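Text of data.cif, listed as mmCIF, C-alpha atoms and all ligand atoms; chains and numbers go by the auth columns:
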```cif
data_protein
#
loop_
_atom_site.group_PDB
_atom_site.id
_atom_site.type_symbol
_atom_site.label_atom_id
_atom_site.label_comp_id
_atom_site.label_asym_id
_atom_site.label_seq_id
_atom_site.Cartn_x
_atom_site.Cartn_y
_atom_site.Cartn_z
_atom_site.B_iso_or_equiv
_atom_site.auth_seq_id
_atom_site.auth_asym_id
ATOM 1 C CA MET A 1 6.127 -17.167 -13.967 0.00 1 A
ATOM 2 C CA ALA A 2 2.550 -16.303 -14.821 0.00 2 A
ATOM 3 C CA PHE A 3 1.327 -13.226 -13.013 0.00 3 A
ATOM 4 C CA GLU A 4 -2.323 -13.306 -11.970 0.00 4 A
ATOM 5 C CA PHE A 5 -4.680 -10.433 -11.352 0.00 5 A
ATOM 6 C CA PRO A 6 -5.245 -10.617 -7.595 0.00 6 A
ATOM 7 C CA ASP A 7 -8.660 -10.918 -5.978 0.00 7 A
ATOM 8 C CA LEU A 8 -10.028 -8.140 -3.816 0.00 8 A
ATOM 9 C CA PRO A 9 -10.410 -9.787 -0.380 0.00 9 A
ATOM 10 C CA TYR A 10 -13.862 -8.193 0.278 0.00 10 A
ATOM 11 C CA ASP A 11 -16.821 -6.581 -1.519 0.00 11 A
ATOM 12 C CA PHE A 12 -16.539 -3.060 -2.948 0.00 12 A
ATOM 13 C CA ASN A 13 -18.822 -1.700 -0.202 0.00 13 A
ATOM 14 C CA ALA A 14 -17.157 -3.587 2.686 0.00 14 A
ATOM 15 C CA LEU A 15 -15.091 -0.630 3.898 0.00 15 A
ATOM 16 C CA GLU A 16 -17.882 1.952 3.987 0.00 16 A
ATOM 17 C CA PRO A 17 -18.130 4.554 5.316 0.00 17 A
ATOM 18 C CA SER A 18 -14.322 4.978 5.384 0.00 18 A
ATOM 19 C CA ILE A 19 -13.957 4.042 1.702 0.00 19 A
ATOM 20 C CA ASP A 20 -17.056 4.282 -0.496 0.00 20 A
ATOM 21 C CA ALA A 21 -17.994 1.462 -2.877 0.00 21 A
ATOM 22 C CA GLN A 22 -17.586 3.526 -6.049 0.00 22 A
ATOM 23 C CA THR A 23 -14.046 4.547 -5.117 0.00 23 A
ATOM 24 C CA MET A 24 -13.174 0.913 -4.347 0.00 24 A
ATOM 25 C CA GLU A 25 -14.608 -0.317 -7.624 0.00 25 A
ATOM 26 C CA ILE A 26 -12.801 2.264 -9.772 0.00 26 A
ATOM 27 C CA HIS A 27 -9.582 1.906 -7.783 0.00 27 A
ATOM 28 C CA TYR A 28 -9.506 -1.898 -7.982 0.00 28 A
ATOM 29 C CA ASP A 29 -11.131 -2.625 -11.301 0.00 29 A
ATOM 30 C CA ARG A 30 -9.652 0.221 -13.346 0.00 30 A
ATOM 31 C CA HIS A 31 -6.529 1.663 -11.715 0.00 31 A
ATOM 32 C CA HIS A 32 -5.200 -1.616 -10.342 0.00 32 A
ATOM 33 C CA ARG A 33 -6.124 -3.591 -13.453 0.00 33 A
ATOM 34 C CA THR A 34 -4.251 -1.055 -15.599 0.00 34 A
ATOM 35 C CA TYR A 35 -1.093 -1.399 -13.469 0.00 35 A
ATOM 36 C CA PHE A 36 -1.415 -5.175 -13.756 0.00 36 A
ATOM 37 C CA ASN A 37 -1.936 -5.214 -17.536 0.00 37 A
ATOM 38 C CA ASN A 38 0.870 -2.722 -18.183 0.00 38 A
ATOM 39 C CA PHE A 39 3.246 -4.636 -15.896 0.00 39 A
ATOM 40 C CA VAL A 40 2.541 -7.952 -17.635 0.00 40 A
ATOM 41 C CA ALA A 41 3.078 -6.293 -21.036 0.00 41 A
ATOM 42 C CA ALA A 42 6.327 -4.642 -19.843 0.00 42 A
ATOM 43 C CA VAL A 43 7.950 -7.873 -18.591 0.00 43 A
ATOM 44 C CA ASP A 44 6.581 -10.122 -21.349 0.00 44 A
ATOM 45 C CA GLY A 45 9.450 -11.790 -23.227 0.00 45 A
ATOM 46 C CA THR A 46 12.120 -10.391 -20.862 0.00 46 A
ATOM 47 C CA PRO A 47 14.116 -12.285 -18.183 0.00 47 A
ATOM 48 C CA ALA A 48 11.937 -10.550 -15.557 0.00 48 A
ATOM 49 C CA ALA A 49 8.975 -12.644 -16.709 0.00 49 A
ATOM 50 C CA ASP A 50 10.584 -15.609 -14.896 0.00 50 A
ATOM 51 C CA GLN A 51 11.170 -13.751 -11.618 0.00 51 A
ATOM 52 C CA SER A 52 8.845 -13.054 -8.717 0.00 52 A
ATOM 53 C CA LEU A 53 7.429 -9.554 -8.367 0.00 53 A
ATOM 54 C CA GLU A 54 9.506 -9.088 -5.195 0.00 54 A
ATOM 55 C CA GLN A 55 12.719 -10.110 -7.022 0.00 55 A
ATOM 56 C CA ILE A 56 11.985 -7.691 -9.847 0.00 56 A
ATOM 57 C CA LEU A 57 11.346 -4.806 -7.445 0.00 57 A
ATOM 58 C CA ALA A 58 14.529 -5.538 -5.452 0.00 58 A
ATOM 59 C CA ASN A 59 16.536 -4.831 -8.636 0.00 59 A
ATOM 60 C CA VAL A 60 14.204 -2.316 -10.203 0.00 60 A
ATOM 61 C CA SER A 61 17.034 0.145 -10.984 0.00 61 A
ATOM 62 C CA SER A 62 17.975 -2.194 -13.853 0.00 62 A
ATOM 63 C CA GLN A 63 14.394 -2.175 -15.226 0.00 63 A
ATOM 64 C CA SER A 64 12.421 0.189 -17.454 0.00 64 A
ATOM 65 C CA ALA A 65 10.233 2.967 -16.080 0.00 65 A
ATOM 66 C CA ALA A 66 7.208 0.903 -17.172 0.00 66 A
ATOM 67 C CA VAL A 67 8.284 -2.027 -14.980 0.00 67 A
ATOM 68 C CA ARG A 68 9.088 0.282 -12.048 0.00 68 A
ATOM 69 C CA ASN A 69 5.793 2.187 -12.210 0.00 69 A
ATOM 70 C CA ASN A 70 3.457 -0.701 -12.995 0.00 70 A
ATOM 71 C CA GLY A 71 5.246 -3.419 -11.024 0.00 71 A
ATOM 72 C CA GLY A 72 5.269 -1.038 -8.070 0.00 72 A
ATOM 73 C CA GLY A 73 1.598 -0.274 -8.701 0.00 73 A
ATOM 74 C CA LEU A 74 0.767 -3.976 -8.698 0.00 74 A
ATOM 75 C CA TYR A 75 2.669 -4.753 -5.495 0.00 75 A
ATOM 76 C CA ASN A 76 1.541 -1.614 -3.655 0.00 76 A
ATOM 77 C CA HIS A 77 -2.149 -2.167 -4.340 0.00 77 A
ATOM 78 C CA ILE A 78 -2.065 -5.848 -3.339 0.00 78 A
ATOM 79 C CA LEU A 79 -0.617 -4.754 -0.003 0.00 79 A
ATOM 80 C CA TYR A 80 -3.057 -1.834 0.287 0.00 80 A
ATOM 81 C CA TRP A 81 -6.114 -4.100 -0.255 0.00 81 A
ATOM 82 C CA ASN A 82 -4.665 -6.481 2.319 0.00 82 A
ATOM 83 C CA SER A 83 -4.046 -3.682 4.798 0.00 83 A
ATOM 84 C CA MET A 84 -7.798 -3.140 5.258 0.00 84 A
ATOM 85 C CA CYS A 85 -10.885 -5.102 6.328 0.00 85 A
ATOM 86 C CA ALA A 86 -14.487 -4.335 7.273 0.00 86 A
ATOM 87 C CA GLY A 87 -14.495 -2.681 10.683 0.00 87 A
ATOM 88 C CA GLY A 88 -10.732 -3.080 11.140 0.00 88 A
ATOM 89 C CA SER A 89 -9.056 -5.671 13.379 0.00 89 A
ATOM 90 C CA SER A 90 -6.631 -5.829 16.313 0.00 90 A
ATOM 91 C CA ALA A 91 -2.856 -6.173 16.404 0.00 91 A
ATOM 92 C CA SER A 92 -1.200 -9.200 18.007 0.00 92 A
ATOM 93 C CA ALA A 93 0.288 -8.710 21.468 0.00 93 A
ATOM 94 C CA GLU A 94 3.720 -9.008 19.882 0.00 94 A
ATOM 95 C CA LEU A 95 3.134 -6.258 17.303 0.00 95 A
ATOM 96 C CA GLU A 96 1.497 -4.040 19.900 0.00 96 A
ATOM 97 C CA SER A 97 4.513 -4.424 22.146 0.00 97 A
ATOM 98 C CA ALA A 98 6.880 -3.585 19.251 0.00 98 A
ATOM 99 C CA ILE A 99 4.764 -0.518 18.388 0.00 99 A
ATOM 100 C CA ASN A 100 4.846 0.649 21.997 0.00 100 A
ATOM 101 C CA SER A 101 8.599 0.203 22.355 0.00 101 A
ATOM 102 C CA THR A 102 9.350 1.843 18.986 0.00 102 A
ATOM 103 C CA PHE A 103 6.860 4.709 18.846 0.00 103 A
ATOM 104 C CA GLY A 104 5.579 4.997 22.427 0.00 104 A
ATOM 105 C CA SER A 105 1.958 4.093 21.639 0.00 105 A
ATOM 106 C CA THR A 106 -0.413 3.131 18.835 0.00 106 A
ATOM 107 C CA ASP A 107 -1.610 6.750 18.752 0.00 107 A
ATOM 108 C CA ALA A 108 1.958 7.934 18.231 0.00 108 A
ATOM 109 C CA LEU A 109 2.383 5.480 15.342 0.00 109 A
ATOM 110 C CA THR A 110 -0.922 6.646 13.853 0.00 110 A
ATOM 111 C CA GLU A 111 0.261 10.253 14.088 0.00 111 A
ATOM 112 C CA LYS A 112 3.619 9.438 12.500 0.00 112 A
ATOM 113 C CA MET A 113 2.020 7.529 9.645 0.00 113 A
ATOM 114 C CA THR A 114 -0.541 10.317 9.146 0.00 114 A
ATOM 115 C CA GLN A 115 2.278 12.860 8.877 0.00 115 A
ATOM 116 C CA ALA A 116 4.125 10.604 6.407 0.00 116 A
ATOM 117 C CA GLY A 117 0.962 10.505 4.263 0.00 117 A
ATOM 118 C CA LEU A 118 0.268 14.233 4.546 0.00 118 A
ATOM 119 C CA THR A 119 3.812 15.350 3.786 0.00 119 A
ATOM 120 C CA ARG A 120 4.158 13.095 0.736 0.00 120 A
ATOM 121 C CA PHE A 121 3.812 15.795 -1.925 0.00 121 A
ATOM 122 C CA GLY A 122 1.725 14.757 -4.916 0.00 122 A
ATOM 123 C CA SER A 123 1.109 11.013 -5.259 0.00 123 A
ATOM 124 C CA GLY A 124 2.610 8.169 -3.278 0.00 124 A
ATOM 125 C CA PHE A 125 2.325 5.823 -0.328 0.00 125 A
ATOM 126 C CA ALA A 126 3.036 5.888 3.401 0.00 126 A
ATOM 127 C CA TRP A 127 4.387 2.674 4.900 0.00 127 A
ATOM 128 C CA LEU A 128 5.020 0.788 8.085 0.00 128 A
ATOM 129 C CA ILE A 129 8.044 -1.383 7.369 0.00 129 A
ATOM 130 C CA VAL A 130 10.357 -3.827 9.113 0.00 130 A
ATOM 131 C CA LYS A 131 14.038 -3.010 8.641 0.00 131 A
ATOM 132 C CA ASP A 132 16.688 -5.077 10.453 0.00 132 A
ATOM 133 C CA GLY A 133 13.964 -6.443 12.734 0.00 133 A
ATOM 134 C CA GLU A 134 12.738 -2.961 13.727 0.00 134 A
ATOM 135 C CA LEU A 135 9.603 -1.009 12.813 0.00 135 A
ATOM 136 C CA HIS A 136 9.935 2.215 10.794 0.00 136 A
ATOM 137 C CA VAL A 137 7.518 4.629 9.121 0.00 137 A
ATOM 138 C CA THR A 138 8.446 5.941 5.701 0.00 138 A
ATOM 139 C CA SER A 139 6.893 7.154 2.465 0.00 139 A
ATOM 140 C CA THR A 140 7.659 6.855 -1.243 0.00 140 A
ATOM 141 C CA PRO A 141 6.671 8.872 -4.332 0.00 141 A
ATOM 142 C CA ASN A 142 4.477 7.616 -7.182 0.00 142 A
ATOM 143 C CA GLN A 143 4.372 3.786 -7.240 0.00 143 A
ATOM 144 C CA ASP A 144 7.784 3.265 -5.643 0.00 144 A
ATOM 145 C CA ASN A 145 7.998 1.165 -2.484 0.00 145 A
ATOM 146 C CA PRO A 146 10.530 0.174 0.213 0.00 146 A
ATOM 147 C CA LEU A 147 11.352 -3.137 -1.499 0.00 147 A
ATOM 148 C CA MET A 148 12.958 -1.218 -4.351 0.00 148 A
ATOM 149 C CA ASP A 149 16.717 -0.733 -4.534 0.00 149 A
ATOM 150 C CA VAL A 150 15.985 2.905 -5.463 0.00 150 A
ATOM 151 C CA ALA A 151 14.023 3.610 -2.242 0.00 151 A
ATOM 152 C CA GLU A 152 15.465 6.112 0.227 0.00 152 A
ATOM 153 C CA VAL A 153 14.541 3.795 3.129 0.00 153 A
ATOM 154 C CA GLN A 154 14.459 0.090 2.307 0.00 154 A
ATOM 155 C CA GLY A 155 12.710 -2.660 4.242 0.00 155 A
ATOM 156 C CA THR A 156 9.791 -5.080 4.195 0.00 156 A
ATOM 157 C CA PRO A 157 6.446 -3.270 3.983 0.00 157 A
ATOM 158 C CA ILE A 158 3.772 -4.603 6.370 0.00 158 A
ATOM 159 C CA LEU A 159 1.179 -1.777 6.101 0.00 159 A
ATOM 160 C CA ALA A 160 0.448 0.346 3.010 0.00 160 A
ATOM 161 C CA LEU A 161 -1.467 3.631 2.903 0.00 161 A
ATOM 162 C CA ASP A 162 -2.280 4.849 -0.624 0.00 162 A
ATOM 163 C CA VAL A 163 -2.368 8.675 -0.684 0.00 163 A
ATOM 164 C CA TRP A 164 -2.928 9.070 -4.421 0.00 164 A
ATOM 165 C CA GLU A 165 -5.986 11.266 -5.029 0.00 165 A
ATOM 166 C CA HIS A 166 -7.628 8.341 -6.854 0.00 166 A
ATOM 167 C CA ALA A 167 -7.821 6.573 -3.469 0.00 167 A
ATOM 168 C CA TYR A 168 -10.055 9.212 -1.891 0.00 168 A
ATOM 169 C CA TYR A 169 -11.050 12.091 -4.190 0.00 169 A
ATOM 170 C CA LEU A 170 -14.674 11.067 -4.928 0.00 170 A
ATOM 171 C CA LYS A 171 -15.612 11.107 -1.260 0.00 171 A
ATOM 172 C CA TYR A 172 -13.045 13.404 0.345 0.00 172 A
ATOM 173 C CA GLN A 173 -12.029 15.712 -2.545 0.00 173 A
ATOM 174 C CA ASN A 174 -8.913 17.608 -1.423 0.00 174 A
ATOM 175 C CA LYS A 175 -9.253 16.563 2.237 0.00 175 A
ATOM 176 C CA ARG A 176 -6.473 13.999 2.493 0.00 176 A
ATOM 177 C CA PRO A 177 -6.367 14.329 6.321 0.00 177 A
ATOM 178 C CA ASP A 178 -10.029 13.223 6.600 0.00 178 A
ATOM 179 C CA TYR A 179 -9.381 10.205 4.376 0.00 179 A
ATOM 180 C CA ILE A 180 -6.351 9.133 6.411 0.00 180 A
ATOM 181 C CA LYS A 181 -8.249 9.523 9.694 0.00 181 A
ATOM 182 C CA ALA A 182 -11.129 7.357 8.397 0.00 182 A
ATOM 183 C CA TRP A 183 -8.689 4.866 6.863 0.00 183 A
ATOM 184 C CA PHE A 184 -7.329 3.934 10.301 0.00 184 A
ATOM 185 C CA ASP A 185 -10.835 2.659 11.211 0.00 185 A
ATOM 186 C CA VAL A 186 -10.511 -0.129 8.635 0.00 186 A
ATOM 187 C CA VAL A 187 -6.859 -1.142 9.086 0.00 187 A
ATOM 188 C CA ASP A 188 -6.527 -4.929 9.282 0.00 188 A
ATOM 189 C CA TRP A 189 -3.977 -5.064 12.114 0.00 189 A
ATOM 190 C CA ALA A 190 -4.307 -8.868 12.295 0.00 190 A
ATOM 191 C CA LYS A 191 -2.864 -9.171 8.788 0.00 191 A
ATOM 192 C CA VAL A 192 -0.237 -6.517 9.587 0.00 192 A
ATOM 193 C CA SER A 193 0.714 -8.644 12.635 0.00 193 A
ATOM 194 C CA ALA A 194 1.119 -11.762 10.479 0.00 194 A
ATOM 195 C CA ARG A 195 3.383 -9.846 8.093 0.00 195 A
ATOM 196 C CA PHE A 196 5.345 -8.467 11.058 0.00 196 A
ATOM 197 C CA ASP A 197 5.906 -12.047 12.295 0.00 197 A
ATOM 198 C CA ALA A 198 7.126 -13.153 8.891 0.00 198 A
ATOM 199 C CA ALA A 199 9.412 -10.148 8.358 0.00 199 A
ATOM 200 C CA LYS A 200 11.245 -9.688 11.644 0.00 200 A
HETATM 201 MN MN MN B . -4.021 3.551 -5.780 0.00 1 B
#
```

Step by step, read the file and then write its structure as structure tokens.
Amino acid sequence: MAFEFPDLPYDFNALEPSIDAQTMEIHYDRHHRTYFNNFVAAVDGTPAADQSLEQILANVSSQSAAVRNNGGGLYNHILYWNSMCAGGSSASAELESAINSTFGSTDALTEKMTQAGLTRFGSGFAWLIVKDGELHVTSTPNQDNPLMDVAEVQGTPILALDVWEHAYYLKYQNKRPDYIKAWFDVVDWAKVSARFDAAK
């Protein structure tokens, strides 16, 4: 299958002030493009070139480090871009009810996801996933993700929080907690709800 470089679903400045335009531009147009190009080069001419990205990641233990790192980078950033929108949005009644029954409240989920992002040493992602129909919060190192057969906790990711320094350093420097707090203002809970519906 031909892999295509995905569109950013909004302008570079759409998420200000939570995410500044320069960070978005560098993150999308340089970091993400590099993951994409390296992934395409790594699968070119191999059987993986005929599989979907999700299929490749589900069996990533049989792939090279280049496929794992760059295929993960491609998938993770597509989900990260589609986890945010200008001004944020609201969760469906169904997702809200699942959040309340699983975590107690939206605030408790926010706190749990914040802790997952803060305690991920070095670079990685924090996730809200669906596993056996239930919501869970987890995190992964580098460009790994919960779709991968190498992940400690596996499931279907529905919300992705990038905690690599490249996601926030220009504006927040070392202050990862400030970035995560501001990030929750632009979470696109409507899209998270649609993914929850599809995954459970
Ligand atoms: Mn990133």

Legend entry - For CA of His77 (chain A) and CA of Lys181 (chain A), the interatomic separation in Å (one decimal): 19.3 Å

Enumerate residues in contact with ligand MN 1 (chain B): an atom-to-atom distance of at most 6 Å, counting all atoms listed in the file. Format the result as a tab-separated table (two decimals) with C-alpha atoms, in the frame of the given file.
```tsv
chain	number	residue	atom	x	y	z
A	162	ASP	CA	-2.28	4.85	-0.62
A	164	TRP	CA	-2.93	9.07	-4.42
A	167	ALA	CA	-7.82	6.57	-3.47
```

Please write as an mmCIF file with C-alpha atoms, keeping the file's coordinate frame the full residue list that the PyMOL selection byres (((chain A and resi 75) around 10) and not hetatm) yields on this file.
```cif
data_model
loop_
_atom_site.group_PDB
_atom_site.id
_atom_site.type_symbol
_atom_site.label_atom_id
_atom_site.label_comp_id
_atom_site.auth_asym_id
_atom_site.auth_seq_id
_atom_site.Cartn_x
_atom_site.Cartn_y
_atom_site.Cartn_z
ATOM 1 C CA HIS A 32 -5.200 -1.616 -10.342
ATOM 2 C CA TYR A 35 -1.093 -1.399 -13.469
ATOM 3 C CA PHE A 36 -1.415 -5.175 -13.756
ATOM 4 C CA LEU A 53 7.429 -9.554 -8.367
ATOM 5 C CA GLU A 54 9.506 -9.088 -5.195
ATOM 6 C CA LEU A 57 11.346 -4.806 -7.445
ATOM 7 C CA ASN A 70 3.457 -0.701 -12.995
ATOM 8 C CA GLY A 71 5.246 -3.419 -11.024
ATOM 9 C CA GLY A 72 5.269 -1.038 -8.070
ATOM 10 C CA GLY A 73 1.598 -0.274 -8.701
ATOM 11 C CA LEU A 74 0.767 -3.976 -8.698
ATOM 12 C CA ASN A 76 1.541 -1.614 -3.655
ATOM 13 C CA HIS A 77 -2.149 -2.167 -4.340
ATOM 14 C CA ILE A 78 -2.065 -5.848 -3.339
ATOM 15 C CA LEU A 79 -0.617 -4.754 -0.003
ATOM 16 C CA TYR A 80 -3.057 -1.834 0.287
ATOM 17 C CA GLN A 143 4.372 3.786 -7.240
ATOM 18 C CA ASP A 144 7.784 3.265 -5.643
ATOM 19 C CA ASN A 145 7.998 1.165 -2.484
ATOM 20 C CA LEU A 147 11.352 -3.137 -1.499
#
```

Legend entry - Residues matched by the PyMOL selection byres (((chain A and resi 189) around 7) and not hetatm), written as a ChimeraX atom specification: /A:89-91,187-188,190-193

Legend entry - Point-to-point distance from CA of Ser64 (chain A) to CA of Leu118 (chain A), Å rounded to tenths: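 Interatomic distance, CA of Ser64 (chain A) to CA of Leu118 (chain A): 28.8 Å.
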
Legend entry - Ground truth for the PyMOL selection byres (((chain A and resi 136) around 9) and not hetatm), written as a ChimeraX atom specification: /A:102-103,127-131,134-135,137-138,155

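The nearest approach to Ser18 (chain A) among the residues A:Ala2, A:Ala86, A:Ala198, A:Ala41, with only C-alpha atoms taken into account, belongs to A:Ala86.
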
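Residue nearest Glu165 (chain A), chosen from A:Lys112, A:Arg68, A:His31, A:Arg195 and counting all atoms listed in the file: A:His31.
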
Inset, instruction - In Å, rounded to a single decimal, give me how far CA of Phe196 (chain A) is from CA of Ala98 (chain A). - result: 9.7 Å
